[in-house]
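Here is the file coords.cif (mmCIF, C-alpha atoms; chains and numbers go by the auth columns).
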```
data_data
#
loop_
_atom_site.group_PDB
_atom_site.id
_atom_site.type_symbol
_atom_site.label_atom_id
_atom_site.label_comp_id
_atom_site.label_asym_id
_atom_site.label_seq_id
_atom_site.Cartn_x
_atom_site.Cartn_y
_atom_site.Cartn_z
_atom_site.B_iso_or_equiv
_atom_site.auth_seq_id
_atom_site.auth_asym_id
ATOM 1 C CA MET A 1 -27.875 -2.315 46.282 0.00 1346 O
ATOM 2 C CA ILE A 2 -27.792 -2.880 42.510 0.00 1347 O
ATOM 3 C CA GLU A 3 -27.818 -6.649 43.032 0.00 1348 O
ATOM 4 C CA MET A 4 -30.900 -6.252 45.203 0.00 1349 O
ATOM 5 C CA PHE A 5 -32.943 -4.911 42.280 0.00 1350 O
ATOM 6 C CA SER A 6 -31.712 -7.493 39.795 0.00 1351 O
ATOM 7 C CA PHE A 7 -34.610 -9.734 40.795 0.00 1352 O
ATOM 8 C CA THR A 8 -37.965 -9.277 39.052 0.00 1353 O
ATOM 9 C CA PHE A 9 -39.967 -9.324 42.267 0.00 1354 O
ATOM 10 C CA MET A 10 -37.764 -6.564 43.706 0.00 1355 O
ATOM 11 C CA GLN A 11 -38.278 -4.459 40.582 0.00 1356 O
ATOM 12 C CA HIS A 12 -42.034 -4.856 41.025 0.00 1357 O
ATOM 13 C CA ALA A 13 -41.678 -3.951 44.698 0.00 1358 O
ATOM 14 C CA LEU A 14 -39.647 -0.855 43.811 0.00 1359 O
ATOM 15 C CA LEU A 15 -42.292 0.388 41.375 0.00 1360 O
ATOM 16 C CA ALA A 16 -45.021 -0.281 43.927 0.00 1361 O
ATOM 17 C CA ALA A 17 -43.097 1.585 46.633 0.00 1362 O
ATOM 18 C CA ILE A 18 -42.629 4.623 44.382 0.00 1363 O
ATOM 19 C CA MET A 19 -46.291 4.773 43.378 0.00 1364 O
ATOM 20 C CA ILE A 20 -47.598 4.161 46.887 0.00 1365 O
ATOM 21 C CA GLY A 21 -45.224 6.735 48.370 0.00 1366 O
ATOM 22 C CA LEU A 22 -46.312 9.386 45.876 0.00 1367 O
ATOM 23 C CA LEU A 23 -50.038 8.614 46.072 0.00 1368 O
ATOM 24 C CA CYS A 24 -50.329 8.288 49.848 0.00 1369 O
ATOM 25 C CA SER A 25 -48.276 11.398 50.579 0.00 1370 O
ATOM 26 C CA PHE A 26 -50.491 13.499 48.307 0.00 1371 O
ATOM 27 C CA VAL A 27 -53.669 12.135 49.873 0.00 1372 O
ATOM 28 C CA SER A 28 -52.231 12.482 53.376 0.00 1373 O
ATOM 29 C CA PHE A 29 -51.929 16.240 52.791 0.00 1374 O
ATOM 30 C CA PHE A 30 -55.722 16.562 52.575 0.00 1375 O
ATOM 31 C CA VAL A 31 -56.347 13.944 55.272 0.00 1376 O
ATOM 32 C CA VAL A 32 -54.295 15.894 57.819 0.00 1377 O
ATOM 33 C CA MET A 33 -55.530 19.327 56.727 0.00 1378 O
ATOM 34 C CA LYS A 34 -59.176 18.177 56.914 0.00 1379 O
ATOM 35 C CA ARG A 35 -58.554 16.223 60.149 0.00 1380 O
ATOM 36 C CA LEU A 36 -59.660 12.896 58.687 0.00 1381 O
ATOM 37 C CA SER A 37 -56.930 10.765 60.246 0.00 1382 O
ATOM 38 C CA PHE A 38 -59.390 8.469 62.021 0.00 1383 O
ATOM 39 C CA LEU A 39 -61.202 7.973 58.698 0.00 1384 O
ATOM 40 C CA GLY A 40 -58.179 6.104 57.343 0.00 1385 O
ATOM 41 C CA VAL A 41 -58.158 3.745 60.309 0.00 1386 O
ATOM 42 C CA GLY A 42 -61.900 3.157 60.125 0.00 1387 O
ATOM 43 C CA VAL A 43 -62.055 2.574 56.372 0.00 1388 O
ATOM 44 C CA SER A 44 -59.019 0.296 56.273 0.00 1389 O
ATOM 45 C CA HIS A 45 -60.321 -1.947 59.046 0.00 1390 O
ATOM 46 C CA SER A 46 -63.944 -1.951 57.904 0.00 1391 O
ATOM 47 C CA ALA A 47 -62.744 -3.046 54.434 0.00 1392 O
ATOM 48 C CA LEU A 48 -62.103 -6.475 55.947 0.00 1393 O
ATOM 49 C CA GLY A 49 -65.776 -7.166 55.313 0.00 1394 O
ATOM 50 C CA GLY A 50 -65.395 -6.571 51.580 0.00 1395 O
ATOM 51 C CA ILE A 51 -62.156 -8.560 51.441 0.00 1396 O
ATOM 52 C CA ALA A 52 -63.846 -11.509 53.157 0.00 1397 O
ATOM 53 C CA ILE A 53 -66.689 -11.405 50.633 0.00 1398 O
ATOM 54 C CA GLY A 54 -64.167 -11.578 47.795 0.00 1399 O
ATOM 55 C CA LEU A 55 -62.206 -14.448 49.337 0.00 1400 O
ATOM 56 C CA VAL A 56 -65.300 -16.564 49.928 0.00 1401 O
ATOM 57 C CA SER A 57 -67.004 -15.800 46.592 0.00 1402 O
ATOM 58 C CA GLY A 58 -63.875 -16.296 44.491 0.00 1403 O
ATOM 59 C CA VAL A 59 -63.840 -12.684 43.255 0.00 1404 O
ATOM 60 C CA SER A 60 -60.694 -10.567 43.598 0.00 1405 O
ATOM 61 C CA PRO A 61 -60.588 -9.520 47.282 0.00 1406 O
ATOM 62 C CA VAL A 62 -58.809 -6.286 46.316 0.00 1407 O
ATOM 63 C CA LEU A 63 -61.737 -5.396 44.021 0.00 1408 O
ATOM 64 C CA THR A 64 -64.452 -6.223 46.547 0.00 1409 O
ATOM 65 C CA GLY A 65 -62.456 -4.592 49.331 0.00 1410 O
ATOM 66 C CA SER A 66 -62.025 -1.432 47.246 0.00 1411 O
ATOM 67 C CA ILE A 67 -65.748 -1.219 46.524 0.00 1412 O
ATOM 68 C CA PHE A 68 -66.502 -1.783 50.196 0.00 1413 O
ATOM 69 C CA ALA A 69 -63.926 0.807 51.329 0.00 1414 O
ATOM 70 C CA VAL A 70 -65.154 3.473 48.916 0.00 1415 O
ATOM 71 C CA ALA A 71 -68.760 2.778 49.915 0.00 1416 O
ATOM 72 C CA VAL A 72 -67.921 3.111 53.615 0.00 1417 O
ATOM 73 C CA ALA A 73 -66.017 6.360 53.043 0.00 1418 O
ATOM 74 C CA VAL A 74 -68.742 7.939 50.908 0.00 1419 O
ATOM 75 C CA ILE A 75 -71.586 6.803 53.179 0.00 1420 O
ATOM 76 C CA THR A 76 -69.690 8.158 56.186 0.00 1421 O
ATOM 77 C CA GLY A 77 -69.375 11.533 54.500 0.00 1422 O
ATOM 78 C CA GLN A 78 -73.009 11.542 53.368 0.00 1423 O
ATOM 79 C CA ILE A 79 -74.392 10.671 56.806 0.00 1424 O
ATOM 80 C CA SER A 80 -72.209 13.269 58.522 0.00 1425 O
ATOM 81 C CA ARG A 81 -73.474 15.878 56.055 0.00 1426 O
ATOM 82 C CA SER A 82 -77.153 15.034 56.332 0.00 1427 O
ATOM 83 C CA THR A 83 -77.344 14.443 60.100 0.00 1428 O
ATOM 84 C CA ARG A 84 -75.881 15.899 63.270 0.00 1429 O
ATOM 85 C CA ILE A 85 -73.882 12.746 63.949 0.00 1430 O
ATOM 86 C CA ASN A 86 -70.150 13.417 64.077 0.00 1431 O
ATOM 87 C CA GLU A 87 -67.839 11.737 61.547 0.00 1432 O
ATOM 88 C CA ASP A 88 -65.853 10.012 64.302 0.00 1433 O
ATOM 89 C CA THR A 89 -69.011 8.366 65.609 0.00 1434 O
ATOM 90 C CA ILE A 90 -70.020 7.060 62.177 0.00 1435 O
ATOM 91 C CA ILE A 91 -66.501 5.818 61.476 0.00 1436 O
ATOM 92 C CA GLY A 92 -66.490 4.019 64.829 0.00 1437 O
ATOM 93 C CA ILE A 93 -69.688 2.210 63.875 0.00 1438 O
ATOM 94 C CA PHE A 94 -68.395 1.106 60.460 0.00 1439 O
ATOM 95 C CA PHE A 95 -65.005 0.242 61.971 0.00 1440 O
ATOM 96 C CA SER A 96 -66.486 -2.360 64.300 0.00 1441 O
ATOM 97 C CA SER A 97 -69.292 -3.598 62.045 0.00 1442 O
ATOM 98 C CA GLY A 98 -66.996 -4.059 59.013 0.00 1443 O
ATOM 99 C CA MET A 99 -64.480 -6.000 61.089 0.00 1444 O
ATOM 100 C CA ALA A 100 -67.274 -8.096 62.589 0.00 1445 O
ATOM 101 C CA LEU A 101 -68.692 -8.860 59.135 0.00 1446 O
ATOM 102 C CA GLY A 102 -65.284 -9.956 57.831 0.00 1447 O
ATOM 103 C CA ILE A 103 -64.523 -12.132 60.843 0.00 1448 O
ATOM 104 C CA GLY A 104 -67.995 -13.692 60.683 0.00 1449 O
ATOM 105 C CA ILE A 105 -67.755 -14.546 56.969 0.00 1450 O
ATOM 106 C CA ILE A 106 -64.239 -15.967 57.221 0.00 1451 O
ATOM 107 C CA SER A 107 -65.023 -18.061 60.298 0.00 1452 O
ATOM 108 C CA TYR A 108 -68.264 -19.389 58.789 0.00 1453 O
ATOM 109 C CA ALA A 109 -66.800 -20.314 55.408 0.00 1454 O
ATOM 110 C CA ARG A 110 -64.782 -23.466 55.046 0.00 1455 O
ATOM 111 C CA GLY A 111 -61.371 -23.507 53.472 0.00 1456 O
ATOM 112 C CA TYR A 112 -57.913 -22.023 53.838 0.00 1457 O
ATOM 113 C CA TYR A 113 -57.160 -18.549 52.481 0.00 1458 O
ATOM 114 C CA PRO A 114 -53.379 -17.966 52.426 0.00 1459 O
ATOM 115 C CA GLU A 115 -53.752 -14.544 50.746 0.00 1460 O
ATOM 116 C CA LEU A 116 -55.641 -13.261 53.783 0.00 1461 O
ATOM 117 C CA PHE A 117 -52.416 -12.936 55.774 0.00 1462 O
ATOM 118 C CA SER A 118 -50.831 -10.773 53.047 0.00 1463 O
ATOM 119 C CA LEU A 119 -53.905 -8.529 52.921 0.00 1464 O
ATOM 120 C CA LEU A 120 -53.882 -8.115 56.693 0.00 1465 O
ATOM 121 C CA PHE A 121 -50.192 -7.350 57.103 0.00 1466 O
ATOM 122 C CA GLY A 122 -49.028 -6.551 53.561 0.00 1467 O
ATOM 123 C CA ASN A 123 -46.360 -8.095 51.354 0.00 1468 O
ATOM 124 C CA ILE A 124 -44.818 -5.712 48.845 0.00 1469 O
ATOM 125 C CA LEU A 125 -42.503 -8.477 47.606 0.00 1470 O
ATOM 126 C CA ALA A 126 -45.516 -10.396 46.267 0.00 1471 O
ATOM 127 C CA VAL A 127 -46.811 -7.555 44.066 0.00 1472 O
ATOM 128 C CA SER A 128 -47.568 -8.826 40.558 0.00 1473 O
ATOM 129 C CA ARG A 129 -47.815 -7.086 37.186 0.00 1474 O
ATOM 130 C CA GLN A 130 -51.592 -7.023 37.545 0.00 1475 O
ATOM 131 C CA ASP A 131 -51.274 -5.401 40.968 0.00 1476 O
ATOM 132 C CA LEU A 132 -48.932 -2.781 39.500 0.00 1477 O
ATOM 133 C CA ALA A 133 -51.431 -2.036 36.728 0.00 1478 O
ATOM 134 C CA ILE A 134 -54.258 -1.586 39.237 0.00 1479 O
ATOM 135 C CA LEU A 135 -52.044 0.597 41.399 0.00 1480 O
ATOM 136 C CA ALA A 136 -50.999 2.732 38.420 0.00 1481 O
ATOM 137 C CA VAL A 137 -54.604 3.304 37.325 0.00 1482 O
ATOM 138 C CA ALA A 138 -55.666 4.201 40.864 0.00 1483 O
ATOM 139 C CA MET A 139 -52.721 6.576 41.255 0.00 1484 O
ATOM 140 C CA VAL A 140 -53.426 8.389 37.978 0.00 1485 O
ATOM 141 C CA VAL A 141 -57.153 8.769 38.707 0.00 1486 O
ATOM 142 C CA VAL A 142 -56.733 9.946 42.304 0.00 1487 O
ATOM 143 C CA LEU A 143 -53.833 12.314 41.590 0.00 1488 O
ATOM 144 C CA ALA A 144 -55.650 13.759 38.568 0.00 1489 O
ATOM 145 C CA PHE A 145 -58.666 14.526 40.766 0.00 1490 O
ATOM 146 C CA LEU A 146 -56.532 16.078 43.507 0.00 1491 O
ATOM 147 C CA LEU A 147 -54.531 18.235 41.077 0.00 1492 O
ATOM 148 C CA ILE A 148 -57.519 19.404 39.037 0.00 1493 O
ATOM 149 C CA PHE A 149 -59.495 20.427 42.118 0.00 1494 O
ATOM 150 C CA PHE A 150 -56.514 21.314 44.307 0.00 1495 O
ATOM 151 C CA ARG A 151 -57.539 24.896 45.059 0.00 1496 O
ATOM 152 C CA GLU A 152 -61.161 23.938 45.699 0.00 1497 O
ATOM 153 C CA LEU A 153 -60.200 21.105 48.049 0.00 1498 O
ATOM 154 C CA LEU A 154 -57.721 23.366 49.811 0.00 1499 O
ATOM 155 C CA ALA A 155 -60.454 25.944 50.352 0.00 1500 O
ATOM 156 C CA ILE A 156 -62.727 23.268 51.827 0.00 1501 O
ATOM 157 C CA CYS A 157 -59.968 22.105 54.172 0.00 1502 O
ATOM 158 C CA PHE A 158 -59.168 25.605 55.445 0.00 1503 O
ATOM 159 C CA ASP A 159 -62.634 27.172 55.681 0.00 1504 O
ATOM 160 C CA GLU A 160 -65.639 25.169 54.547 0.00 1505 O
ATOM 161 C CA GLU A 161 -68.163 27.899 55.321 0.00 1506 O
ATOM 162 C CA ALA A 162 -66.253 30.384 53.185 0.00 1507 O
ATOM 163 C CA ALA A 163 -66.085 27.795 50.403 0.00 1508 O
ATOM 164 C CA VAL A 164 -69.872 27.399 50.518 0.00 1509 O
ATOM 165 C CA ALA A 165 -70.316 31.168 50.465 0.00 1510 O
ATOM 166 C CA GLY A 166 -67.976 31.320 47.467 0.00 1511 O
ATOM 167 C CA GLY A 167 -70.247 28.998 45.493 0.00 1512 O
ATOM 168 C CA LEU A 168 -68.049 25.904 45.497 0.00 1513 O
ATOM 169 C CA PRO A 169 -69.777 22.495 45.235 0.00 1514 O
ATOM 170 C CA VAL A 170 -68.567 21.552 48.700 0.00 1515 O
ATOM 171 C CA THR A 171 -70.573 18.361 49.273 0.00 1516 O
ATOM 172 C CA PRO A 172 -69.725 16.641 45.930 0.00 1517 O
ATOM 173 C CA LEU A 173 -66.049 17.542 46.304 0.00 1518 O
ATOM 174 C CA TYR A 174 -66.010 16.341 49.903 0.00 1519 O
ATOM 175 C CA LEU A 175 -67.610 13.009 48.982 0.00 1520 O
ATOM 176 C CA ALA A 176 -65.176 12.618 46.072 0.00 1521 O
ATOM 177 C CA LEU A 177 -62.298 13.241 48.481 0.00 1522 O
ATOM 178 C CA MET A 178 -63.681 10.556 50.782 0.00 1523 O
ATOM 179 C CA ALA A 179 -63.853 8.146 47.831 0.00 1524 O
ATOM 180 C CA ALA A 180 -60.245 8.990 46.922 0.00 1525 O
ATOM 181 C CA VAL A 181 -59.200 8.163 50.487 0.00 1526 O
ATOM 182 C CA GLY A 182 -61.004 4.815 50.247 0.00 1527 O
ATOM 183 C CA VAL A 183 -59.311 3.907 46.954 0.00 1528 O
ATOM 184 C CA THR A 184 -55.892 4.937 48.270 0.00 1529 O
ATOM 185 C CA ILE A 185 -56.299 2.814 51.372 0.00 1530 O
ATOM 186 C CA MET A 186 -57.186 -0.293 49.415 0.00 1531 O
ATOM 187 C CA VAL A 187 -54.284 -0.052 46.971 0.00 1532 O
ATOM 188 C CA SER A 188 -52.010 0.527 49.978 0.00 1533 O
ATOM 189 C CA VAL A 189 -53.240 -2.732 51.497 0.00 1534 O
ATOM 190 C CA GLN A 190 -51.150 -4.639 48.943 0.00 1535 O
ATOM 191 C CA VAL A 191 -48.029 -3.016 50.398 0.00 1536 O
ATOM 192 C CA VAL A 192 -48.561 -2.583 54.140 0.00 1537 O
ATOM 193 C CA GLY A 193 -51.809 -4.448 54.826 0.00 1538 O
ATOM 194 C CA ILE A 194 -55.088 -3.476 56.456 0.00 1539 O
ATOM 195 C CA VAL A 195 -53.513 -3.096 59.877 0.00 1540 O
ATOM 196 C CA LEU A 196 -50.970 -0.432 58.836 0.00 1541 O
ATOM 197 C CA ALA A 197 -52.515 1.223 55.749 0.00 1542 O
ATOM 198 C CA ALA A 198 -53.862 4.213 57.683 0.00 1543 O
ATOM 199 C CA ALA A 199 -50.340 5.167 58.789 0.00 1544 O
ATOM 200 C CA LEU A 200 -49.381 6.058 55.217 0.00 1545 O
ATOM 201 C CA LEU A 201 -52.197 8.621 55.140 0.00 1546 O
ATOM 202 C CA VAL A 202 -51.118 10.374 58.327 0.00 1547 O
ATOM 203 C CA ILE A 203 -47.358 10.266 58.947 0.00 1548 O
ATOM 204 C CA PRO A 204 -46.081 11.997 55.748 0.00 1549 O
ATOM 205 C CA ALA A 205 -48.282 15.085 56.099 0.00 1550 O
ATOM 206 C CA ALA A 206 -47.913 15.112 59.889 0.00 1551 O
ATOM 207 C CA THR A 207 -44.136 15.313 59.413 0.00 1552 O
ATOM 208 C CA GLY A 208 -44.560 18.106 56.895 0.00 1553 O
ATOM 209 C CA TYR A 209 -46.864 19.918 59.309 0.00 1554 O
ATOM 210 C CA ARG A 210 -44.086 19.899 61.906 0.00 1555 O
ATOM 211 C CA LEU A 211 -41.477 21.328 59.560 0.00 1556 O
ATOM 212 C CA SER A 212 -43.367 23.810 57.376 0.00 1557 O
ATOM 213 C CA ARG A 213 -45.186 27.111 57.619 0.00 1558 O
ATOM 214 C CA HIS A 214 -46.870 27.060 54.206 0.00 1559 O
ATOM 215 C CA TYR A 215 -49.064 24.497 52.498 0.00 1560 O
ATOM 216 C CA ARG A 216 -46.704 24.233 49.515 0.00 1561 O
ATOM 217 C CA SER A 217 -43.747 23.271 51.678 0.00 1562 O
ATOM 218 C CA LEU A 218 -46.010 20.966 53.704 0.00 1563 O
ATOM 219 C CA LEU A 219 -47.001 19.093 50.550 0.00 1564 O
ATOM 220 C CA PHE A 220 -43.398 18.918 49.344 0.00 1565 O
ATOM 221 C CA ILE A 221 -42.119 17.525 52.653 0.00 1566 O
ATOM 222 C CA ALA A 222 -45.005 15.041 52.777 0.00 1567 O
ATOM 223 C CA VAL A 223 -44.052 13.695 49.335 0.00 1568 O
ATOM 224 C CA VAL A 224 -40.370 13.444 50.328 0.00 1569 O
ATOM 225 C CA VAL A 225 -41.209 11.619 53.564 0.00 1570 O
ATOM 226 C CA GLY A 226 -43.615 9.280 51.771 0.00 1571 O
ATOM 227 C CA MET A 227 -41.048 8.355 49.138 0.00 1572 O
ATOM 228 C CA MET A 228 -38.196 8.007 51.637 0.00 1573 O
ATOM 229 C CA GLY A 229 -40.345 5.905 53.945 0.00 1574 O
ATOM 230 C CA CYS A 230 -41.493 3.486 51.248 0.00 1575 O
ATOM 231 C CA LEU A 231 -38.098 3.118 49.539 0.00 1576 O
ATOM 232 C CA GLY A 232 -36.130 3.019 52.788 0.00 1577 O
ATOM 233 C CA GLY A 233 -38.546 0.544 54.318 0.00 1578 O
ATOM 234 C CA LEU A 234 -38.248 -1.676 51.242 0.00 1579 O
ATOM 235 C CA VAL A 235 -34.453 -1.782 51.524 0.00 1580 O
ATOM 236 C CA ILE A 236 -34.615 -2.457 55.263 0.00 1581 O
ATOM 237 C CA SER A 237 -37.152 -5.207 54.700 0.00 1582 O
ATOM 238 C CA TYR A 238 -34.876 -6.900 52.159 0.00 1583 O
ATOM 239 C CA TYR A 239 -31.648 -6.803 54.163 0.00 1584 O
ATOM 240 C CA LEU A 240 -33.055 -7.415 57.651 0.00 1585 O
ATOM 241 C CA ASN A 241 -35.673 -9.946 56.534 0.00 1586 O
ATOM 242 C CA VAL A 242 -38.536 -8.203 58.329 0.00 1587 O
ATOM 243 C CA PRO A 243 -42.130 -7.672 57.061 0.00 1588 O
ATOM 244 C CA SER A 244 -42.193 -4.929 54.458 0.00 1589 O
ATOM 245 C CA GLY A 245 -45.287 -3.188 55.814 0.00 1590 O
ATOM 246 C CA ALA A 246 -43.839 -2.867 59.286 0.00 1591 O
ATOM 247 C CA SER A 247 -40.459 -1.622 58.032 0.00 1592 O
ATOM 248 C CA ILE A 248 -42.088 1.034 55.814 0.00 1593 O
ATOM 249 C CA VAL A 249 -44.295 2.387 58.598 0.00 1594 O
ATOM 250 C CA LEU A 250 -41.458 2.303 61.149 0.00 1595 O
ATOM 251 C CA THR A 251 -39.164 4.171 58.739 0.00 1596 O
ATOM 252 C CA MET A 252 -41.766 6.910 58.362 0.00 1597 O
ATOM 253 C CA THR A 253 -42.235 6.974 62.125 0.00 1598 O
ATOM 254 C CA VAL A 254 -38.494 7.520 62.614 0.00 1599 O
ATOM 255 C CA LEU A 255 -38.627 10.418 60.151 0.00 1600 O
ATOM 256 C CA PHE A 256 -41.527 11.934 62.089 0.00 1601 O
ATOM 257 C CA GLY A 257 -39.594 11.473 65.339 0.00 1602 O
ATOM 258 C CA LEU A 258 -36.587 13.264 63.853 0.00 1603 O
ATOM 259 C CA SER A 259 -38.841 16.141 62.771 0.00 1604 O
ATOM 260 C CA TRP A 260 -40.225 16.382 66.293 0.00 1605 O
ATOM 261 C CA LEU A 261 -36.729 16.500 67.783 0.00 1606 O
ATOM 262 C CA TYR A 262 -35.641 19.099 65.239 0.00 1607 O
ATOM 263 C CA LYS A 263 -38.588 21.432 65.944 0.00 1608 O
ATOM 264 C CA ARG A 264 -38.774 20.851 69.704 0.00 1609 O
#
```

Before anything else, please render the file you have as structure tokens.
Amino acid sequence: MIEMFSFTFMQHALLAAIMIGLLCSFVSFFVVMKRLSFLGVGVSHSALGGIAIGLVSGVSPVLTGSIFAVAVAVITGQISRSTRINEDTIIGIFFSSGMALGIGIISYARGYYPELFSLLFGNILAVSRQDLAILAVAMVVVLAFLLIFFRELLAICFDEEAAVAGGLPVTPLYLALMAAVGVTIMVSVQVVGIVLAAALLVIPAATGYRLSRHYRSLLFIAVVVGMMGCLGGLVISYYLNVPSGASIVLTMTVLFGLSWLYKR
């Protein structure tokens, strides 16, 4: 085990796994409590359009994908607030249109884009110092927002009408939460890829939901599952020579399965 982390790329992967596990598990708490699980799937897949724009234009695809993901998340929240259209319907529209835009741009443009495969399926072993810096900044900003407004966001998740009656700025906080979900998804893409990023925002808190009766214990279990899943998946990926994104998600899935068996 010690020899495993003697390599620089494994040290980078370890830091990325720790930060992603902590960030995603915190965000997953609000995603599950607010029933926004499908939002993660929709935003992660629709972000392919922004990633394609970055690949073709020569700009960082993570940057363009992040802007695109945040825009999709915020616009989804704004439309659902201002119209009678359900969030799932809006997400379904952006899901398909974002994927179509990305596929269209990539197929039309000439050239070979080797980094596209890593963005689709993730490669935590290829995380660079720059990627770690971006991930650290995103983690600090998102966690600071969630911790500062924790009680307000919790009130919105449990009873939005009561939060409005209590004078809370529900719409701005809700849109900020949607933006935080978009940012978290895009930094997770570096680790598990577009295809699997949404799983990190659902499985940790879903496992905690099975095993807890209070929101504090739910959050604690979600963080433990997120960290165990990312670190355990990294070790499995190294020794079994399997894709890191798949091993991380499957490790978390096993933990959820064990929680289901325990509480059955």

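Atom CA of Ile1469 of chain O is positioned 11.0 Å from atom CA of Ser1592 of chain O.
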
task = May I have the residues within 6 Å of Leu1563 of chain O as a PyMOL selection string, using only C-alpha atoms and disregarding those fewer than 6 positions away in the same chain?
result = chain O and resi 1553-1554+1557

Write a file of the selected residues as an mmCIF file, in the coordinates of the input, keeping C-alpha atoms.
```
data_model
loop_
_atom_site.group_PDB
_atom_site.id
_atom_site.type_symbol
_atom_site.label_atom_id
_atom_site.label_comp_id
_atom_site.auth_asym_id
_atom_site.auth_seq_id
_atom_site.Cartn_x
_atom_site.Cartn_y
_atom_site.Cartn_z
ATOM 1 C CA GLY O 1553 -44.560 18.106 56.895
ATOM 2 C CA TYR O 1554 -46.864 19.918 59.309
ATOM 3 C CA SER O 1557 -43.367 23.810 57.376
#
```

task = Kindly indicate which residue among O:Tyr1584, O:Phe1439, O:Phe1352, O:Phe1413 lies nearest to Leu1384 of chain O, using only C-alpha atoms for the distances.
result = O:Phe1439

Surrounding residues of segment 1482-1498 of chain O excluding itself and chain neighbours under 4 positions, 9 Å, all atoms listed in the file, as a PyMOL selection string = chain O and resi 1364-1365+1367-1368+1371-1372+1375+1477-1478+1502-1503+1508+1513-1515+1518-1519+1521-1522+1525-1526+1528-1529+1532

Fewer than 3 positions away in the same chain doesn't count, so skip those; otherwise give me all residues within 7 Å of Leu1393 of chain O, counting only C-alpha atoms, as a CSV table (one decimal) with C-alpha atoms, keeping the file's coordinate frame.
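That gives us around30.csv:
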```
chain,number,residue,atom,x,y,z
O,1390,HIS,CA,-60.3,-1.9,59.0
O,1396,ILE,CA,-62.2,-8.6,51.4
O,1397,ALA,CA,-63.8,-11.5,53.2
O,1410,GLY,CA,-62.5,-4.6,49.3
O,1443,GLY,CA,-67.0,-4.1,59.0
O,1444,MET,CA,-64.5,-6.0,61.1
O,1447,GLY,CA,-65.3,-10.0,57.8
```

message = As an exercise, work out the distance from atom CA of Leu1461 of chain O to atom CA of Ser1373 of chain O in Å and give it to one decimal place.
response = 26.0 Å

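With distances restricted to only C-alpha atoms, O:Thr1598 is the closest residue to Pro1549 of chain O from O:Thr1598, O:Ser1562, O:Gln1535, O:Gln1423.
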
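Interatomic distance, atom CA of Leu1470 of chain O to atom CA of Met1597 of chain O: 18.8 Å.
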
inquiry  = the PyMOL selection byres ((chain O and resi 1357-1359) around 10) - which residues does that actually catch in the file I just gave you? List them as a ChimeraX atom specification.
reply    = /O:1350,1352-1356,1360-1365,1468-1474,1476-1477,1536,1575-1576,1579-1580,1589

Leaving out Gly1366 of chain O and any residue of its chain fewer than 6 positions from it, which residues lie within 9 Å of it when counting all atoms listed in the file, given as an mmCIF file with C-alpha atoms, in the coordinates of the input?
```cif
data_model
loop_
_atom_site.group_PDB
_atom_site.id
_atom_site.type_symbol
_atom_site.label_atom_id
_atom_site.label_comp_id
_atom_site.auth_asym_id
_atom_site.auth_seq_id
_atom_site.Cartn_x
_atom_site.Cartn_y
_atom_site.Cartn_z
ATOM 1 C CA LEU O 1545 -49.381 6.058 55.217
ATOM 2 C CA VAL O 1568 -44.052 13.695 49.335
ATOM 3 C CA VAL O 1569 -40.370 13.444 50.328
ATOM 4 C CA VAL O 1570 -41.209 11.619 53.564
ATOM 5 C CA GLY O 1571 -43.615 9.280 51.771
ATOM 6 C CA MET O 1572 -41.048 8.355 49.138
ATOM 7 C CA MET O 1573 -38.196 8.007 51.637
ATOM 8 C CA GLY O 1574 -40.345 5.905 53.945
ATOM 9 C CA CYS O 1575 -41.493 3.486 51.248
ATOM 10 C CA LEU O 1576 -38.098 3.118 49.539
#
```

task = Evaluate the PyMOL selection byres ((chain O and resi 1431-1438) around 12) here and jot the selected residues down as a count of residues only.
result = 37

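Residue nearest Val1599 of chain O, chosen from O:His1559, O:Gly1527, O:Ile1548, O:Leu1585 and counting only C-alpha atoms: O:Ile1548.
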
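Each of O:Met1378, O:Ala1544, O:Met1349, O:Ile1448 was compared to Ile1398 of chain O using all atoms listed in the file, and O:Ile1448 turns out to be the nearest.
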
request  = Report as a PyMOL selection string the residues that result from applying the PyMOL selection byres ((chain O and resi 1467) around 9) to the structure here.
outcome  = chain O and resi 1462-1466+1468-1469+1471+1533-1542+1588-1591

So for segment 1440-1449 of chain O, what box centre and size do we get, axis-aligned, 8 Å extra on each of the six sides, every listed atom, Å to one decimal, as JSON?
```
{"center_x": -66.9, "center_y": -6.7, "center_z": 61.1, "size_x": 20.8, "size_y": 29.9, "size_z": 22.5}
```

Starting from the incomplete input, reconstruct N, CA and C atoms of segment 1356-1362 of chain O and report them as a CSV table (one decimal), in the coordinates of the input.
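Result written to out_21.csv:
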```
chain,number,residue,atom,x,y,z
O,1356,GLN,N,-37.9,-5.5,41.5
O,1356,GLN,CA,-38.3,-4.5,40.6
O,1356,GLN,C,-39.8,-4.1,40.7
O,1357,HIS,N,-40.6,-5.1,40.8
O,1357,HIS,CA,-42.0,-4.9,41.0
O,1357,HIS,C,-42.3,-4.1,42.4
O,1358,ALA,N,-41.5,-4.6,43.4
O,1358,ALA,CA,-41.7,-4.0,44.7
O,1358,ALA,C,-41.2,-2.5,44.7
O,1359,LEU,N,-40.1,-2.2,43.9
O,1359,LEU,CA,-39.6,-0.9,43.8
O,1359,LEU,C,-40.7,0.1,43.1
O,1360,LEU,N,-41.3,-0.4,42.0
O,1360,LEU,CA,-42.3,0.4,41.4
O,1360,LEU,C,-43.5,0.6,42.3
O,1361,ALA,N,-43.9,-0.4,43.0
O,1361,ALA,CA,-45.0,-0.3,43.9
O,1361,ALA,C,-44.7,0.7,45.0
O,1362,ALA,N,-43.5,0.7,45.6
O,1362,ALA,CA,-43.1,1.6,46.6
O,1362,ALA,C,-43.1,3.0,46.1
```
